[in-house]
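Enquirer: File start_10.pdb below, PDB, C-alpha atoms, pLDDT in the B column:
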```
ATOM      1  CA  MET A  38     -22.143  24.382 -16.563  1.00 42.00           C
ATOM      2  CA  PRO A  39     -22.104  20.627 -15.804  1.00 48.00           C
ATOM      3  CA  ASP A  40     -24.886  19.160 -13.742  1.00 50.00           C
ATOM      4  CA  LEU A  41     -23.380  18.276 -10.348  1.00 50.00           C
ATOM      5  CA  ALA A  42     -26.620  17.013  -8.789  1.00 58.00           C
ATOM      6  CA  LEU A  43     -25.900  14.688  -5.897  1.00 62.00           C
ATOM      7  CA  LYS A  44     -29.048  12.708  -6.691  1.00 68.00           C
ATOM      8  CA  LYS A  45     -27.302  11.155  -9.687  1.00 81.00           C
ATOM      9  CA  VAL A  46     -24.295   9.912  -7.719  1.00 81.00           C
ATOM     10  CA  THR A  47     -24.110   6.118  -7.810  1.00 85.00           C
ATOM     11  CA  TRP A  48     -23.590   3.799  -4.864  1.00 88.00           C
ATOM     12  CA  ARG A  49     -20.051   3.097  -6.126  1.00 88.00           C
ATOM     13  CA  GLU A  50     -19.146   6.757  -5.996  1.00 88.00           C
ATOM     14  CA  TRP A  51     -20.679   7.170  -2.538  1.00 91.00           C
ATOM     15  CA  LEU A  52     -18.730   4.112  -1.395  1.00 92.00           C
ATOM     16  CA  GLY A  53     -15.542   5.641  -2.827  1.00 91.00           C
ATOM     17  CA  LEU A  54     -16.168   8.809  -0.832  1.00 92.00           C
ATOM     18  CA  ALA A  55     -16.964   6.753   2.273  1.00 94.00           C
ATOM     19  CA  ALA A  56     -13.647   4.915   1.891  1.00 95.00           C
ATOM     20  CA  GLY A  57     -11.885   8.267   1.564  1.00 94.00           C
ATOM     21  CA  LEU A  58     -13.606   9.621   4.659  1.00 95.00           C
ATOM     22  CA  LEU A  59     -12.703   6.464   6.572  1.00 95.00           C
ATOM     23  CA  ALA A  60      -9.114   7.057   5.490  1.00 94.00           C
ATOM     24  CA  LEU A  61      -9.294  10.608   6.865  1.00 94.00           C
ATOM     25  CA  VAL A  62     -10.589   9.303  10.189  1.00 94.00           C
ATOM     26  CA  ALA A  63      -7.730   6.793  10.239  1.00 93.00           C
ATOM     27  CA  LEU A  64      -5.269   9.721  10.104  1.00 91.00           C
ATOM     28  CA  PHE A  65      -6.061  10.549  13.711  1.00 91.00           C
ATOM     29  CA  LEU A  66      -6.260   7.061  15.193  1.00 92.00           C
ATOM     30  CA  PRO A  67      -3.280   5.126  16.581  1.00 90.00           C
ATOM     31  CA  TRP A  68      -1.136   4.038  13.650  1.00 89.00           C
ATOM     32  CA  THR A  69       1.939   2.646  15.385  1.00 86.00           C
ATOM     33  CA  THR A  70       2.062   1.318  18.940  1.00 85.00           C
ATOM     34  CA  LEU A  71       4.764   0.102  21.277  1.00 84.00           C
ATOM     35  CA  THR A  72       3.984  -2.919  23.439  1.00 81.00           C
ATOM     36  CA  ALA A  73       6.016  -5.080  25.797  1.00 83.00           C
ATOM     37  CA  SER A  74       5.577  -8.664  26.881  1.00 79.00           C
ATOM     38  CA  ARG A  75       7.214  -8.121  30.270  1.00 81.00           C
ATOM     39  CA  PRO A  76       4.936  -6.457  32.863  1.00 82.00           C
ATOM     40  CA  GLU A  77       7.610  -4.135  34.269  1.00 81.00           C
ATOM     41  CA  ILE A  78       8.410  -2.778  30.800  1.00 80.00           C
ATOM     42  CA  GLU A  79       4.693  -2.433  30.011  1.00 79.00           C
ATOM     43  CA  ASP A  80       4.294  -0.442  33.248  1.00 77.00           C
ATOM     44  CA  ALA A  81       7.203   1.778  32.185  1.00 79.00           C
ATOM     45  CA  LEU A  82       5.551   2.358  28.808  1.00 76.00           C
ATOM     46  CA  THR A  83       2.333   3.469  30.510  1.00 78.00           C
ATOM     47  CA  THR A  84       4.215   6.173  32.404  1.00 78.00           C
ATOM     48  CA  LEU A  85       5.571   7.686  29.169  1.00 78.00           C
ATOM     49  CA  PRO A  86       3.650  10.388  27.304  1.00 76.00           C
ATOM     50  CA  ALA A  87       1.044   8.897  24.981  1.00 74.00           C
ATOM     51  CA  ASP A  88       2.750  10.383  21.901  1.00 72.00           C
ATOM     52  CA  ASP A  89       5.873   8.358  22.676  1.00 74.00           C
ATOM     53  CA  VAL A  90       3.980   5.060  22.854  1.00 79.00           C
ATOM     54  CA  THR A  91       1.379   5.493  20.100  1.00 84.00           C
ATOM     55  CA  ARG A  92       1.660   7.488  16.905  1.00 84.00           C
ATOM     56  CA  ASP A  93      -1.050   8.643  14.565  1.00 86.00           C
ATOM     57  CA  ALA A  94      -0.485   8.748  10.809  1.00 87.00           C
ATOM     58  CA  TRP A  95       0.816  12.318  10.971  1.00 88.00           C
ATOM     59  CA  HIS A  96       3.691  11.230  13.210  1.00 85.00           C
ATOM     60  CA  ALA A  97       4.295   7.807  11.647  1.00 84.00           C
ATOM     61  CA  GLY A  98       5.813   9.169   8.452  1.00 85.00           C
ATOM     62  CA  PHE A  99       5.062   9.750   4.778  1.00 91.00           C
ATOM     63  CA  LEU A 100       4.028   6.140   4.118  1.00 90.00           C
ATOM     64  CA  ALA A 101       1.325   6.550   6.735  1.00 89.00           C
ATOM     65  CA  TRP A 102      -0.426   9.797   5.792  1.00 92.00           C
ATOM     66  CA  ALA A 103       0.171  10.071   2.024  1.00 94.00           C
ATOM     67  CA  PRO A 104      -1.817   6.960   1.016  1.00 94.00           C
ATOM     68  CA  LEU A 105      -4.788   8.212   2.979  1.00 94.00           C
ATOM     69  CA  PHE A 106      -4.942  11.380   0.912  1.00 93.00           C
ATOM     70  CA  LEU A 107      -4.603   9.244  -2.223  1.00 93.00           C
ATOM     71  CA  LEU A 108      -7.844   7.611  -1.131  1.00 93.00           C
ATOM     72  CA  PHE A 109      -9.726  10.715  -0.060  1.00 95.00           C
ATOM     73  CA  LEU A 110      -9.083  13.038  -3.004  1.00 94.00           C
ATOM     74  CA  PRO A 111     -10.254  10.690  -5.784  1.00 93.00           C
ATOM     75  CA  GLY A 112     -13.212   9.651  -3.608  1.00 91.00           C
ATOM     76  CA  LEU A 113     -14.231  13.283  -3.394  1.00 92.00           C
ATOM     77  CA  ALA A 114     -13.628  13.818  -7.108  1.00 90.00           C
ATOM     78  CA  VAL A 115     -15.829  10.912  -8.183  1.00 90.00           C
ATOM     79  CA  VAL A 116     -18.719  12.187  -6.081  1.00 89.00           C
ATOM     80  CA  LEU A 117     -18.379  15.717  -7.429  1.00 88.00           C
ATOM     81  CA  PHE A 118     -17.582  14.933 -11.074  1.00 87.00           C
ATOM     82  CA  GLY A 119     -18.377  11.243 -11.584  1.00 81.00           C
ATOM     83  CA  ARG A 120     -21.687  11.964 -13.301  1.00 82.00           C
ATOM     84  CA  VAL A 121     -20.203  14.527 -15.694  1.00 83.00           C
ATOM     85  CA  ASP A 122     -20.072  12.458 -18.863  1.00 82.00           C
ATOM     86  CA  ALA A 123     -17.044  14.178 -20.390  1.00 86.00           C
ATOM     87  CA  VAL A 124     -14.993  13.809 -17.211  1.00 84.00           C
ATOM     88  CA  ARG A 125     -16.075  10.203 -16.806  1.00 83.00           C
ATOM     89  CA  ARG A 126     -15.159   9.311 -20.402  1.00 85.00           C
ATOM     90  CA  ALA A 127     -11.849  11.168 -20.021  1.00 87.00           C
ATOM     91  CA  GLY A 128     -10.816   8.581 -17.449  1.00 88.00           C
ATOM     92  CA  LEU A 129     -11.923   9.606 -13.959  1.00 90.00           C
ATOM     93  CA  PRO A 130     -12.707   5.980 -12.976  1.00 91.00           C
ATOM     94  CA  HIS A 131      -9.278   4.918 -14.236  1.00 92.00           C
ATOM     95  CA  LEU A 132      -7.614   7.705 -12.276  1.00 93.00           C
ATOM     96  CA  TRP A 133      -9.545   6.627  -9.194  1.00 93.00           C
ATOM     97  CA  GLN A 134      -8.477   3.022  -9.661  1.00 95.00           C
ATOM     98  CA  MET A 135      -4.798   3.900 -10.113  1.00 96.00           C
ATOM     99  CA  ALA A 136      -4.823   6.199  -7.085  1.00 96.00           C
ATOM    100  CA  ALA A 137      -6.477   3.499  -4.964  1.00 96.00           C
ATOM    101  CA  VAL A 138      -4.010   0.828  -6.110  1.00 96.00           C
ATOM    102  CA  GLY A 139      -1.127   3.239  -5.502  1.00 96.00           C
ATOM    103  CA  ALA A 140      -2.428   4.000  -2.012  1.00 96.00           C
ATOM    104  CA  LEU A 141      -2.760   0.293  -1.259  1.00 96.00           C
ATOM    105  CA  LEU A 142       0.798  -0.368  -2.442  1.00 96.00           C
ATOM    106  CA  LEU A 143       2.136   2.515  -0.359  1.00 95.00           C
ATOM    107  CA  MET A 144       0.294   1.156   2.690  1.00 94.00           C
ATOM    108  CA  VAL A 145       1.777  -2.300   2.178  1.00 94.00           C
ATOM    109  CA  LEU A 146       5.218  -0.715   1.829  1.00 94.00           C
ATOM    110  CA  GLY A 147       4.600   1.296   4.984  1.00 90.00           C
ATOM    111  CA  TRP A 148       3.535  -1.856   6.789  1.00 89.00           C
ATOM    112  CA  THR A 149       6.689  -3.723   5.757  1.00 90.00           C
ATOM    113  CA  THR A 150       8.898  -0.806   6.789  1.00 87.00           C
ATOM    114  CA  LEU A 151       7.021  -0.208  10.026  1.00 83.00           C
ATOM    115  CA  ASP A 152      10.096  -0.170  12.246  1.00 80.00           C
ATOM    116  CA  TRP A 153      11.990   2.279  10.015  1.00 82.00           C
ATOM    117  CA  GLN A 154      10.272   5.193  11.707  1.00 80.00           C
ATOM    118  CA  PHE A 155      12.666   4.529  14.578  1.00 80.00           C
ATOM    119  CA  ASP A 156      16.426   4.770  14.129  1.00 81.00           C
ATOM    120  CA  ALA A 157      18.780   1.802  14.608  1.00 86.00           C
ATOM    121  CA  ASP A 158      19.688   2.795  18.190  1.00 84.00           C
ATOM    122  CA  GLN A 159      16.029   2.981  19.223  1.00 80.00           C
ATOM    123  CA  ARG A 160      15.279  -0.367  17.576  1.00 81.00           C
ATOM    124  CA  GLY A 161      18.235  -1.890  19.432  1.00 83.00           C
ATOM    125  CA  ILE A 162      16.980  -0.568  22.756  1.00 80.00           C
ATOM    126  CA  PHE A 163      13.466  -1.817  21.966  1.00 79.00           C
ATOM    127  CA  SER A 164      14.788  -5.252  21.087  1.00 80.00           C
ATOM    128  CA  ALA A 165      16.883  -5.489  24.252  1.00 81.00           C
ATOM    129  CA  ALA A 166      13.958  -4.389  26.415  1.00 80.00           C
ATOM    130  CA  GLY A 167      11.472  -6.696  24.744  1.00 80.00           C
ATOM    131  CA  ILE A 168       9.445  -3.849  23.255  1.00 80.00           C
ATOM    132  CA  GLU A 169       7.620  -4.627  20.034  1.00 85.00           C
ATOM    133  CA  ILE A 170       6.628  -2.120  17.379  1.00 84.00           C
ATOM    134  CA  GLY A 171       3.054  -2.906  16.412  1.00 84.00           C
ATOM    135  CA  THR A 172       0.207  -1.627  14.349  1.00 87.00           C
ATOM    136  CA  GLY A 173      -2.720   0.369  15.621  1.00 88.00           C
ATOM    137  CA  LEU A 174      -6.374   0.571  14.679  1.00 93.00           C
ATOM    138  CA  GLY A 175      -5.767   3.410  12.214  1.00 91.00           C
ATOM    139  CA  ARG A 176      -3.491   1.269  10.056  1.00 93.00           C
ATOM    140  CA  TYR A 177      -6.147  -1.459   9.817  1.00 95.00           C
ATOM    141  CA  LEU A 178      -8.931   1.007   9.015  1.00 95.00           C
ATOM    142  CA  GLY A 179      -6.740   2.642   6.381  1.00 94.00           C
ATOM    143  CA  LEU A 180      -6.097  -0.751   4.828  1.00 95.00           C
ATOM    144  CA  VAL A 181      -9.831  -1.560   4.800  1.00 96.00           C
ATOM    145  CA  ALA A 182     -10.527   1.812   3.162  1.00 96.00           C
ATOM    146  CA  ALA A 183      -7.876   1.127   0.506  1.00 96.00           C
ATOM    147  CA  VAL A 184      -9.204  -2.347  -0.302  1.00 96.00           C
ATOM    148  CA  VAL A 185     -12.793  -1.071  -0.529  1.00 96.00           C
ATOM    149  CA  SER A 186     -11.710   1.780  -2.777  1.00 95.00           C
ATOM    150  CA  VAL A 187      -9.714  -0.545  -5.063  1.00 96.00           C
ATOM    151  CA  VAL A 188     -12.624  -2.982  -5.433  1.00 96.00           C
ATOM    152  CA  VAL A 189     -15.245  -0.289  -6.042  1.00 95.00           C
ATOM    153  CA  ALA A 190     -12.995   1.608  -8.464  1.00 94.00           C
ATOM    154  CA  PHE A 191     -12.409  -1.649 -10.373  1.00 95.00           C
ATOM    155  CA  LEU A 192     -16.166  -2.165 -10.625  1.00 93.00           C
ATOM    156  CA  ASP A 193     -16.601   1.418 -11.829  1.00 90.00           C
ATOM    157  CA  VAL A 194     -13.950   0.974 -14.529  1.00 91.00           C
ATOM    158  CA  ARG A 195     -15.675  -2.224 -15.686  1.00 92.00           C
ATOM    159  CA  LEU A 196     -18.995  -0.390 -15.837  1.00 89.00           C
ATOM    160  CA  LEU A 197     -17.416   2.463 -17.814  1.00 85.00           C
ATOM    161  CA  ARG A 198     -16.131  -0.069 -20.351  1.00 84.00           C
ATOM    162  CA  ALA A 199     -19.621  -1.509 -20.686  1.00 84.00           C
ATOM    163  CA  GLU A 200     -21.096   1.996 -21.063  1.00 77.00           C
ATOM    164  CA  THR A 201     -18.643   2.988 -23.798  1.00 76.00           C
ATOM    165  CA  ARG A 202     -19.211  -0.272 -25.697  1.00 79.00           C
ATOM    166  CA  THR A 203     -22.962   0.291 -25.806  1.00 75.00           C
ATOM    167  CA  ARG A 204     -22.512   3.887 -27.057  1.00 66.00           C
ATOM    168  CA  ARG A 205     -20.449   2.889 -30.079  1.00 61.00           C
ATOM    169  CA  PRO A 206     -22.350   2.877 -33.402  1.00 59.00           C
TER     170      PRO A 206
END
```
Output the file's structure in the form of structure tokens.
Expert:
Amino acid sequence: MPDLALKKVTWREWLGLAAGLLALVALFLPWTTLTASRPEIEDALTTLPADDVTRDAWHAGFLAWAPLFLLFLPGLAVVLFGRVDAVRRAGLPHLWQMAAVGALLLMVLGWTTLDWQFDADQRGIFSAAGIEIGTGLGRYLGLVAAVVSVVVAFLDVRLLRAETRTRRP
């Protein structure tokens, strides 16, 4: 049975898990918000139910919640199996890096298609009323988690290359 001692987990792997946990927290924070520049419209928005004005990742669509799981699952895997030599040499750091890059790309795509979670009629009404579709704290925290995970996974892949070069006869 492989040794899964948490004492051997490196700071990179802990940071990968921390980024994944931050991504999970971001699931429940405001992801999309509606704001208005005119005070009377802003007052009208405050009278609406909170779920109509702010959305968490669960209600903001696939491009909101899916990348967060792409950050969490590899982060968990590298903490649990990152010190198992066979799993590490089989490409766990590479898998982590590709998942983190994929999550980052999905987040950027979700950011550029932010208003698509509302249909054309709703967007027309928002535009006429001066309501803007904006980003919430969860989207920023998710982006920070993705960038941290990409950078740390890149460093881990570089270290794996160095480790495999020194093992060669």
Enquirer: Given the file shown, enumerate the residues that the PyMOL selection byres ((chain A and resi 114) around 12) captures and present them as a VMD selection string.
Expert: chain A and resid 41 46 50 to 51 53 to 54 57 107 to 113 115 to 121 124 to 125 128 to 130 132 to 133 136
Enquirer: Once the PyMOL selection byres ((chain A and resi 160-171) around 6) has been evaluated on this model, what residues remain selected, and can you format them as a list of chain:residue names?
Expert: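 Applied to this file, the PyMOL selection byres ((chain A and resi 160-171) around 6) returns A:Thr69, A:Thr70, A:Leu71, A:Thr72, A:Ala73, A:Ala157, A:Asp158, A:Gln159, A:Thr172.
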Enquirer: Any idea what the distance is between atom CA of A:Leu100 and atom CA of A:Trp48?
Expert: 29.1 Å
Enquirer: At what distance in Å, to one decimal, does atom CA of A:Val145 lie from atom CA of A:Leu192?
Expert: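 Computing the Euclidean distance for atom CA of A:Leu192 and atom CA of A:Val145 yields 22.0 Å.
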Enquirer: If we count only C-alpha atoms and set the cut-off at 8 Å, which residues sit around A:Ala60, ignoring sequence neighbours fewer than 2 positions away in its own chain? Please answer as a list in words.
Expert: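 Once the nearby chain positions are removed, what remains is Ala56, Gly57, Leu58, Val62, Ala63, Leu64, Leu105, Phe106, Leu108, Phe109, Leu178, Gly179, Ala182 and Ala183 of chain A.
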Enquirer: Rounded to one decimal in Å, what is the spacing between atom CA of A:Ala190 and atom CA of A:Pro104?
Expert: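 So the answer is 15.6 Å.
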Enquirer: As JSON, please report the centre and edge lengths, rounded to one decimal in Å, of the axis-aligned box that holds all listed atoms of stretch 45-58 of chain A with 8 Å of padding on each of the six sides.
Expert:
```
{"center_x": -19.6, "center_y": 7.1, "center_z": -2.5, "size_x": 31.4, "size_y": 24.1, "size_z": 30.3}
```
Enquirer: Taking the file as I've supplied it (selection: the PyMOL selection byres ((chain A and resi 87-91) around 9)), which residues are included? Please answer as a list in words.
Expert: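 On this input, the PyMOL selection byres ((chain A and resi 87-91) around 9) captures Pro67, Trp68, Thr69, Thr70, Leu71, Thr72, Leu82, Thr83, Thr84, Leu85, Pro86, Arg92, Asp93, His96 and Gly173 of chain A.
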Enquirer: Calculated over all atoms listed in the file, which of the candidates A:Ile78, A:Leu52, A:Leu142, A:Leu197 has the smallest distance to A:Ala127?
Expert: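 Nearest to A:Ala127: A:Leu197.
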Enquirer: Do you know which residues are at most 10 Å from A:Phe191 counting all atoms listed in the file, after dropping those on the same chain fewer than 5 positions away, and could you put them as a list in words?
Expert: Arg49, Pro130, His131, Trp133, Gln134, Met135, Ala137, Val138, Val185, Ser186, Leu196 and Leu197 of chain A
Enquirer: Measuring atom to atom with only C-alpha atoms, identify which of A:Leu141, A:Thr203, A:Asp152, A:Trp95 is nearest to A:Val188.
Expert: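 The shortest atom-to-atom distance to A:Val188 comes from A:Leu141.
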Enquirer: Residues near A:Gly98, anyone? I mean within 10 Å using all atoms listed in the file, not counting same-chain ones fewer than 6 positions away, as a VMD selection string.
Expert: chain A and resid 92 147 151 153 to 154
Enquirer: Based on the selection just made, write C-alpha atoms of those residues as a tab-separated table (two decimals), in the frame of the given file.
Expert:
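Dumped to out-v6.tsv:
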```
chain	number	residue	atom	x	y	z
A	92	ARG	CA	1.66	7.49	16.90
A	147	GLY	CA	4.60	1.30	4.98
A	151	LEU	CA	7.02	-0.21	10.03
A	153	TRP	CA	11.99	2.28	10.02
A	154	GLN	CA	10.27	5.19	11.71
```
